[in-house]
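Structure file entry_32.txt; described as compact mmCIF, C-alpha atoms.
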```txt
# COMPACT_ATOMS: atom_id res chain seq x y z
CA MET A 491 96.48 75.09 104.51
CA MET A 492 97.67 78.24 106.24
CA GLY A 493 98.43 81.71 104.97
CA ILE A 494 101.16 83.89 106.50
CA ILE A 495 100.89 87.67 106.16
CA PRO A 496 103.92 89.64 107.42
CA ALA A 497 102.45 92.96 108.54
CA ALA A 498 104.93 94.17 111.16
CA GLY A 499 106.72 96.74 108.99
CA ALA A 500 106.59 100.42 109.87
CA GLY A 501 105.64 101.50 106.33
CA GLN A 502 108.19 104.30 106.27
CA ARG A 503 107.90 104.73 102.50
CA ILE A 504 104.37 106.07 102.82
CA GLN A 505 104.22 107.51 106.33
CA PRO A 506 102.93 109.57 108.05
CA LEU A 507 99.52 107.93 108.17
CA GLY A 508 96.77 107.78 110.72
CA CYS A 509 96.64 103.99 110.51
CA SER A 510 98.76 100.97 109.65
CA LYS A 511 99.62 100.96 105.94
CA GLU A 512 97.82 97.62 105.55
CA LEU A 513 94.55 99.43 106.26
CA LEU A 514 94.91 102.04 103.54
CA PRO A 515 91.54 102.22 101.74
CA VAL A 516 91.87 101.03 98.16
CA GLY A 517 88.69 100.33 96.22
CA SER A 518 85.48 99.34 97.95
CA ARG A 519 83.13 96.51 98.80
CA LEU A 520 79.44 96.17 99.58
CA ILE A 521 78.25 95.62 103.16
CA ASP A 522 74.50 95.08 103.47
CA GLY A 523 74.06 96.81 100.12
CA VAL A 524 76.12 99.84 101.17
CA GLU A 525 79.46 100.61 99.54
CA ARG A 526 82.32 100.80 102.05
CA PRO A 527 86.09 101.35 101.69
CA LYS A 528 88.22 98.22 101.40
CA ALA A 529 91.60 97.93 103.13
CA VAL A 530 94.51 96.94 100.92
CA ALA A 531 95.35 93.89 103.10
CA GLU A 532 91.89 92.44 102.42
CA TYR A 533 92.85 91.70 98.82
CA LEU A 534 95.59 89.29 99.89
CA LEU A 535 93.39 87.83 102.61
CA GLU A 536 90.65 87.07 100.09
CA ARG A 537 93.10 85.49 97.66
CA MET A 538 94.45 83.18 100.35
CA ILE A 539 90.97 82.13 101.45
CA ALA A 540 89.93 81.52 97.83
CA ALA A 541 92.97 79.24 97.45
CA GLY A 542 91.83 77.16 100.41
CA ALA A 543 93.53 78.61 103.49
CA GLU A 544 91.67 77.63 106.67
CA GLN A 545 93.91 79.69 108.96
CA ILE A 546 95.73 82.97 108.38
CA CYS A 547 98.51 84.17 110.63
CA MET A 548 99.21 87.91 110.61
CA VAL A 549 102.61 88.83 111.99
CA ILE A 550 102.32 92.31 113.47
CA SER A 551 104.27 94.72 115.66
CA ALA A 552 103.03 95.79 119.09
CA GLU A 553 101.90 99.14 117.64
CA LYS A 554 99.54 97.63 115.08
CA THR A 555 96.54 96.87 117.23
CA ASP A 556 94.36 98.66 114.67
CA LEU A 557 94.79 95.60 112.41
CA ILE A 558 93.33 93.35 115.10
CA ARG A 559 90.40 95.68 115.63
CA TYR A 560 89.70 96.05 111.91
CA PHE A 561 89.67 92.36 111.05
CA ALA A 562 87.88 91.35 114.26
CA GLU A 563 84.88 93.40 113.13
CA ARG A 564 84.52 91.39 109.91
CA ASN A 565 83.65 87.80 109.14
CA TYR A 566 85.91 85.72 106.92
CA ALA A 567 85.83 82.07 105.89
CA ALA A 568 89.10 81.44 107.73
CA GLU A 569 90.41 81.80 111.26
CA ILE A 570 92.64 84.86 111.61
CA PHE A 571 95.15 85.03 114.43
CA TYR A 572 98.17 87.18 115.29
CA VAL A 573 101.81 86.76 116.23
CA VAL A 574 103.94 89.68 117.43
CA GLN A 575 107.37 90.54 116.05
CA GLN A 576 108.91 92.54 118.89
CA LYS A 577 111.18 94.65 116.68
CA PRO A 578 111.78 94.97 112.92
CA GLN A 579 114.23 92.26 111.89
CA GLY A 580 113.35 91.64 108.28
CA LEU A 581 110.92 89.59 106.26
CA CYS A 582 112.41 86.18 107.07
CA ASP A 583 112.24 86.80 110.80
CA ALA A 584 108.60 87.86 110.47
CA LEU A 585 107.62 84.82 108.42
CA PHE A 586 109.23 82.29 110.73
CA ARG A 587 107.43 83.73 113.74
CA ALA A 588 104.51 81.70 112.36
CA GLN A 589 106.44 78.41 112.32
CA PRO A 590 104.92 76.95 115.53
CA PHE A 591 101.54 77.07 113.79
CA ALA A 592 102.75 76.24 110.26
CA ILE A 593 103.97 72.80 111.36
CA HIS A 594 100.36 71.68 111.55
CA HIS A 595 99.70 72.42 107.86
CA GLN A 596 100.71 70.62 104.68
CA GLN A 597 100.72 73.76 102.54
CA ILE A 598 101.72 77.35 103.29
CA LEU A 599 100.80 80.53 101.39
CA ILE A 600 102.84 83.73 101.70
CA GLY A 601 102.06 87.20 100.40
CA LEU A 602 102.69 90.86 101.16
CA PRO A 603 99.75 92.81 102.61
CA ASP A 604 100.56 96.15 101.00
CA THR A 605 100.22 94.79 97.47
CA ILE A 606 97.33 94.15 95.09
CA TRP A 607 97.79 91.68 92.29
CA PHE A 608 95.84 89.89 89.61
CA PRO A 609 94.59 87.37 88.66
CA GLU A 610 92.67 86.82 91.86
CA ASN A 611 93.21 83.04 91.63
CA GLY A 612 96.98 83.38 91.23
CA PHE A 613 97.74 81.04 94.12
CA ARG A 614 96.14 78.13 92.25
CA PRO A 615 98.87 77.64 89.59
CA ALA A 616 101.50 78.01 92.32
CA LEU A 617 99.80 75.28 94.35
CA ALA A 618 99.47 73.09 91.27
CA MET A 619 103.23 73.31 90.81
CA LEU A 620 103.70 72.13 94.39
CA GLU A 621 101.61 69.08 93.70
CA ALA A 622 103.63 68.34 90.57
CA SER A 623 107.33 68.59 91.34
CA SER A 624 108.31 71.34 93.73
CA ASP A 625 108.55 72.10 97.44
CA VAL A 626 108.46 75.86 96.92
CA SER A 627 106.81 77.71 94.05
CA LEU A 628 106.84 81.40 93.24
CA LEU A 629 104.05 83.32 91.54
CA LEU A 630 105.78 85.76 89.20
CA PHE A 631 104.59 89.13 87.91
CA PRO A 632 106.01 91.41 85.19
CA VAL A 633 107.05 94.89 86.37
CA THR A 634 108.65 97.88 84.68
CA ASP A 635 111.35 98.39 87.35
CA PRO A 636 112.46 95.03 88.79
CA SER A 637 115.30 96.68 90.74
CA LEU A 638 112.75 97.62 93.41
CA PHE A 639 111.83 93.98 93.99
CA ASP A 640 113.24 90.44 93.88
CA ALA A 641 113.69 89.56 90.21
CA VAL A 642 113.58 85.84 89.41
CA ILE A 643 115.76 84.03 86.86
CA SER A 644 114.16 80.76 85.75
CA ASP A 645 114.78 78.31 82.93
CA GLU A 646 112.20 77.38 80.29
CA HIS A 647 110.66 74.79 82.60
CA GLY A 648 110.19 77.20 85.47
CA TYR A 649 113.07 75.97 87.63
CA VAL A 650 114.47 78.94 89.52
CA GLU A 651 118.19 79.48 89.01
CA GLU A 652 118.68 82.71 90.94
CA ILE A 653 116.80 85.50 92.65
CA GLU A 654 118.23 88.97 92.17
CA VAL A 655 117.39 90.86 95.35
CA LYS A 656 116.82 94.53 94.58
CA ARG A 657 119.62 94.48 92.02
CA THR A 658 120.11 97.70 90.05
CA GLU A 659 120.58 95.95 86.70
CA ALA A 660 118.25 93.01 87.06
CA ARG A 661 118.30 90.53 84.18
CA SER A 662 114.63 89.62 84.56
CA ARG A 663 111.55 91.81 84.64
CA TRP A 664 109.63 89.04 86.43
CA ILE A 665 109.45 89.34 90.22
CA TRP A 666 107.95 87.07 92.85
CA GLY A 667 104.79 88.45 94.37
CA ALA A 668 103.45 85.44 96.24
CA VAL A 669 104.79 82.11 97.46
CA ALA A 670 103.40 78.63 98.04
CA SER A 671 105.35 75.95 99.84
CA THR A 672 104.85 72.62 101.48
CA GLY A 673 104.84 72.63 105.26
CA ASP A 674 108.00 70.52 105.23
CA ALA A 675 109.81 72.96 102.93
CA PHE A 676 108.83 75.88 105.14
CA GLN A 677 110.37 74.06 108.11
CA ARG A 678 113.56 73.38 106.14
CA LEU A 679 113.76 77.03 105.12
CA LYS A 680 113.56 78.04 108.78
CA LEU A 681 116.28 75.57 109.76
CA LEU A 682 118.49 76.85 106.94
CA TRP A 683 117.89 80.44 108.03
CA GLU A 684 118.91 79.55 111.57
CA SER A 685 122.00 77.67 110.37
CA ARG A 686 123.01 80.85 108.52
CA HIS A 687 122.82 82.72 111.85
CA ARG A 688 119.58 84.42 110.80
CA GLN A 689 121.56 86.77 108.59
CA ASP A 690 119.07 86.70 105.70
CA GLU A 691 116.72 89.66 105.89
CA TYR A 692 115.12 89.14 102.48
CA LEU A 693 113.40 85.95 101.44
CA GLY A 694 115.15 86.06 98.06
CA ASP A 695 118.58 85.70 99.69
CA LEU A 696 117.40 82.72 101.73
CA LEU A 697 115.86 81.06 98.68
CA ASN A 698 119.16 81.44 96.83
CA ALA A 699 120.87 79.54 99.66
CA TYR A 700 118.06 76.98 99.61
CA ILE A 701 118.60 76.38 95.88
CA ALA A 702 122.38 76.23 96.32
CA ALA A 703 121.85 73.48 98.90
CA GLY A 704 120.22 71.33 96.19
CA ASN A 705 116.56 72.09 96.79
CA ILE A 706 114.03 72.78 94.04
CA VAL A 707 112.20 76.07 93.68
CA ARG A 708 109.94 76.55 90.68
CA SER A 709 108.12 79.55 89.29
CA THR A 710 105.02 80.22 87.26
CA LEU A 711 104.47 83.22 85.00
CA ALA A 712 100.77 83.31 85.92
CA GLY A 713 100.84 86.81 87.41
CA GLU A 714 99.42 89.64 85.31
CA ILE A 715 99.41 92.86 87.35
CA TYR A 716 101.32 93.72 90.52
CA MET A 717 100.89 96.97 92.44
CA ASP A 718 102.93 97.93 95.49
CA VAL A 719 100.64 100.10 97.59
CA GLY A 720 103.41 100.69 100.12
CA THR A 721 104.56 103.74 98.16
CA LEU A 722 102.58 106.87 97.32
CA GLU A 723 103.09 106.25 93.60
CA GLY A 724 101.90 102.66 93.92
CA TYR A 725 98.93 103.74 96.01
CA HIS A 726 97.79 106.17 93.29
CA GLU A 727 98.36 103.48 90.65
CA ALA A 728 96.13 101.04 92.53
CA LEU A 729 93.39 103.63 93.04
CA ASN A 730 93.40 104.53 89.35
CA PHE A 731 93.49 100.90 88.21
CA LEU A 732 90.57 99.82 90.38
CA ARG A 733 88.55 102.91 89.47
CA ASP A 734 89.10 102.40 85.73
CA ASN A 735 88.27 98.69 85.95
CA ARG A 736 85.11 99.47 87.84
CA LEU A 737 84.03 101.96 85.18
CA VAL A 738 84.61 99.34 82.47
CA ARG A 739 82.67 96.75 84.46
CA ASP A 740 79.77 99.14 85.08
CA GLU A 741 79.60 100.01 81.36
CA SER A 742 79.58 96.32 80.43
CA GLU A 743 76.77 95.62 82.89
CA ARG A 744 74.69 98.49 81.51
CA ALA A 745 75.27 97.30 77.96
CA ALA A 746 74.12 93.82 78.90
```
Entire entry expressed as structure tokens:
Amino acid sequence: MMGIIPAAGAGQRIQPLGCSKELLPVGSRLIDGVERPKAVAEYLLERMIAAGAEQICMVISAEKTDLIRYFAERNYAAEIFYVVQQKPQGLCDALFRAQPFAIHHQQILIGLPDTIWFPENGFRPALAMLEASSDVSLLLFPVTDPSLFDAVISDEHGYVEEIEVKRTEARSRWIWGAVASTGDAFQRLKLLWESRHRQDEYLGDLLNAYIAAGNIVRSTLAGEIYMDVGTLEGYHEALNFLRDNRLVRDESERAA
């Protein structure tokens, strides 16, 4: 199993920063008993590893060498390697830069490195759906403003009918926040993208074409909380959420 993390974006919504947006400190972790800041991209990395990813491909731009340095200084239970996207050409282009490595894996995990979501084991129900009856499964999260994301329209059995890409009047408040696919489906998505002259910038548009071609995409409403740290508002939301949860956890531990 391989995880793909598209991290080549410039992060214009939250710039200027002194580092790549994926390294924004959000929350903390213990290193040798000492509390240290935790980069936002580590949350997704940990969720992929917990789901069983043995390799993780980060797609970066040439300017983001700080990501390589940061993750090289830490030990993870998966091999992390990097592919360069020479210039910004959208999410689909970034994802398919990893295709030469994805062909060696039966399952592929996809997530966005400037987000934090719960539950931490959210990839598991998405993978379970793959094993049941789907080539691509979407982990959905409820949000208050779906127009900022890709809202997903599914039937009562979770079969995806349409993805509304950043639509002003979205009919669903459930958005996709993570993706699991078979290796074969990922290859077919790339071939479809190329047959459409690589015109699809957003994954939601490509998945709509994939569904229209007769392929099955399913969704699971297993997501609980989704925070986009790529905006200043989302960054503050994540900081407050993690701080409040930590206070609750600390109080529970003292009470016990």
Select, from A:Ile494, A:Ala641, A:Leu682, A:Leu602, the residue with the minimum atom-to-atom distance to Leu585 of chain A, counting only C-alpha atoms. A:Ile494
Atomic distance atom CA of Gly517 of chain A - atom CA of Arg559 of chain A, expressed in Å with one decimal: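 Separating atom CA of Gly517 of chain A from atom CA of Arg559 of chain A is a distance of 20.0 Å.
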Within 12 Å of (102.6, 69.8, 109.8) in the file's own coordinates, which protein, DNA or RNA residues have an atom, counting all atoms listed in the file? List them as a list in words. Met491, Met492, Gln589, Pro590, Phe591, Ala592, Ile593, His594, His595, Gln596, Gln597, Ile598, Thr672, Gly673, Asp674, Ala675, Phe676 and Gln677 of chain A
Output C-alpha atoms of each residue in that selection to a file, as a PDB file, in the frame of the given file.
```pdb
ATOM      1  CA  MET A 491      96.480  75.090 104.510  1.00  0.00           C
ATOM      2  CA  MET A 492      97.670  78.240 106.240  1.00  0.00           C
ATOM      3  CA  GLN A 589     106.440  78.410 112.320  1.00  0.00           C
ATOM      4  CA  PRO A 590     104.920  76.950 115.530  1.00  0.00           C
ATOM      5  CA  PHE A 591     101.540  77.070 113.790  1.00  0.00           C
ATOM      6  CA  ALA A 592     102.750  76.240 110.260  1.00  0.00           C
ATOM      7  CA  ILE A 593     103.970  72.800 111.360  1.00  0.00           C
ATOM      8  CA  HIS A 594     100.360  71.680 111.550  1.00  0.00           C
ATOM      9  CA  HIS A 595      99.700  72.420 107.860  1.00  0.00           C
ATOM     10  CA  GLN A 596     100.710  70.620 104.680  1.00  0.00           C
ATOM     11  CA  GLN A 597     100.720  73.760 102.540  1.00  0.00           C
ATOM     12  CA  ILE A 598     101.720  77.350 103.290  1.00  0.00           C
ATOM     13  CA  THR A 672     104.850  72.620 101.480  1.00  0.00           C
ATOM     14  CA  GLY A 673     104.840  72.630 105.260  1.00  0.00           C
ATOM     15  CA  ASP A 674     108.000  70.520 105.230  1.00  0.00           C
ATOM     16  CA  ALA A 675     109.810  72.960 102.930  1.00  0.00           C
ATOM     17  CA  PHE A 676     108.830  75.880 105.140  1.00  0.00           C
ATOM     18  CA  GLN A 677     110.370  74.060 108.110  1.00  0.00           C
TER      19      GLN A 677
END
```
Expressed in Å to a single decimal, how great is the separation between atom CA of Leu630 of chain A and atom CA of Thr710 of chain A?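 Spanning atom CA of Leu630 of chain A to atom CA of Thr710 of chain A is a straight-line distance of 5.9 Å.
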Can you work out which one of A:Ala531, A:Ala728, A:Leu514, A:Ala618 has the shortest atom-to-atom distance to Ala670 of chain A, counting all atoms listed in the file?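 For Ala670 of chain A, the nearest of the candidates is A:Ala618.
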Starting from the sparse input, extend segment 519-532 of chain A to N, CA, C and O atoms and give the output as a PDB file, in the frame of the given file.
```pdb
ATOM      1  N   ARG A 519      83.919  97.739  98.786  1.00  0.00           N
ATOM      2  CA  ARG A 519      83.130  96.510  98.800  1.00  0.00           C
ATOM      3  C   ARG A 519      81.763  96.841  99.363  1.00  0.00           C
ATOM      4  O   ARG A 519      81.572  97.889 100.000  1.00  0.00           O
ATOM      5  N   LEU A 520      80.807  95.950  99.121  1.00  0.00           N
ATOM      6  CA  LEU A 520      79.440  96.170  99.580  1.00  0.00           C
ATOM      7  C   LEU A 520      79.206  95.464 100.914  1.00  0.00           C
ATOM      8  O   LEU A 520      79.544  94.282 101.069  1.00  0.00           O
ATOM      9  N   ILE A 521      78.649  96.180 101.879  1.00  0.00           N
ATOM     10  CA  ILE A 521      78.250  95.620 103.160  1.00  0.00           C
ATOM     11  C   ILE A 521      76.774  95.948 103.360  1.00  0.00           C
ATOM     12  O   ILE A 521      76.405  97.112 103.488  1.00  0.00           O
ATOM     13  N   ASP A 522      75.951  94.901 103.340  1.00  0.00           N
ATOM     14  CA  ASP A 522      74.500  95.080 103.470  1.00  0.00           C
ATOM     15  C   ASP A 522      73.968  96.069 102.433  1.00  0.00           C
ATOM     16  O   ASP A 522      73.113  96.908 102.728  1.00  0.00           O
ATOM     17  N   GLY A 523      74.512  95.960 101.215  1.00  0.00           N
ATOM     18  CA  GLY A 523      74.060  96.810 100.120  1.00  0.00           C
ATOM     19  C   GLY A 523      74.635  98.204 100.117  1.00  0.00           C
ATOM     20  O   GLY A 523      74.314  99.007  99.234  1.00  0.00           O
ATOM     21  N   VAL A 524      75.516  98.514 101.083  1.00  0.00           N
ATOM     22  CA  VAL A 524      76.120  99.840 101.170  1.00  0.00           C
ATOM     23  C   VAL A 524      77.600  99.742 100.814  1.00  0.00           C
ATOM     24  O   VAL A 524      78.306  98.860 101.322  1.00  0.00           O
ATOM     25  N   GLU A 525      78.067 100.629  99.954  1.00  0.00           N
ATOM     26  CA  GLU A 525      79.460 100.610  99.540  1.00  0.00           C
ATOM     27  C   GLU A 525      80.357 101.172 100.649  1.00  0.00           C
ATOM     28  O   GLU A 525      80.116 102.260 101.170  1.00  0.00           O
ATOM     29  N   ARG A 526      81.384 100.409 101.006  1.00  0.00           N
ATOM     30  CA  ARG A 526      82.320 100.800 102.050  1.00  0.00           C
ATOM     31  C   ARG A 526      83.760 100.670 101.535  1.00  0.00           C
ATOM     32  O   ARG A 526      84.038  99.857 100.661  1.00  0.00           O
ATOM     33  N   PRO A 527      84.677 101.472 102.095  1.00  0.00           N
ATOM     34  CA  PRO A 527      86.090 101.350 101.690  1.00  0.00           C
ATOM     35  C   PRO A 527      86.626  99.957 102.006  1.00  0.00           C
ATOM     36  O   PRO A 527      86.179  99.292 102.941  1.00  0.00           O
ATOM     37  N   LYS A 528      87.601  99.537 101.227  1.00  0.00           N
ATOM     38  CA  LYS A 528      88.220  98.220 101.400  1.00  0.00           C
ATOM     39  C   LYS A 528      89.706  98.410 101.688  1.00  0.00           C
ATOM     40  O   LYS A 528      90.410  99.111 100.959  1.00  0.00           O
ATOM     41  N   ALA A 529      90.192  97.807 102.765  1.00  0.00           N
ATOM     42  CA  ALA A 529      91.600  97.930 103.130  1.00  0.00           C
ATOM     43  C   ALA A 529      92.459  97.106 102.180  1.00  0.00           C
ATOM     44  O   ALA A 529      92.064  96.032 101.725  1.00  0.00           O
ATOM     45  N   VAL A 530      93.654  97.606 101.891  1.00  0.00           N
ATOM     46  CA  VAL A 530      94.510  96.940 100.920  1.00  0.00           C
ATOM     47  C   VAL A 530      94.828  95.506 101.349  1.00  0.00           C
ATOM     48  O   VAL A 530      94.886  94.600 100.507  1.00  0.00           O
ATOM     49  N   ALA A 531      95.007  95.242 102.653  1.00  0.00           N
ATOM     50  CA  ALA A 531      95.350  93.890 103.100  1.00  0.00           C
ATOM     51  C   ALA A 531      94.233  92.886 102.843  1.00  0.00           C
ATOM     52  O   ALA A 531      94.486  91.674 102.789  1.00  0.00           O
ATOM     53  N   GLU A 532      93.012  93.358 102.670  1.00  0.00           N
ATOM     54  CA  GLU A 532      91.890  92.440 102.420  1.00  0.00           C
ATOM     55  C   GLU A 532      92.027  91.719 101.093  1.00  0.00           C
ATOM     56  O   GLU A 532      91.522  90.599 100.931  1.00  0.00           O
TER      57      GLU A 532
END
```
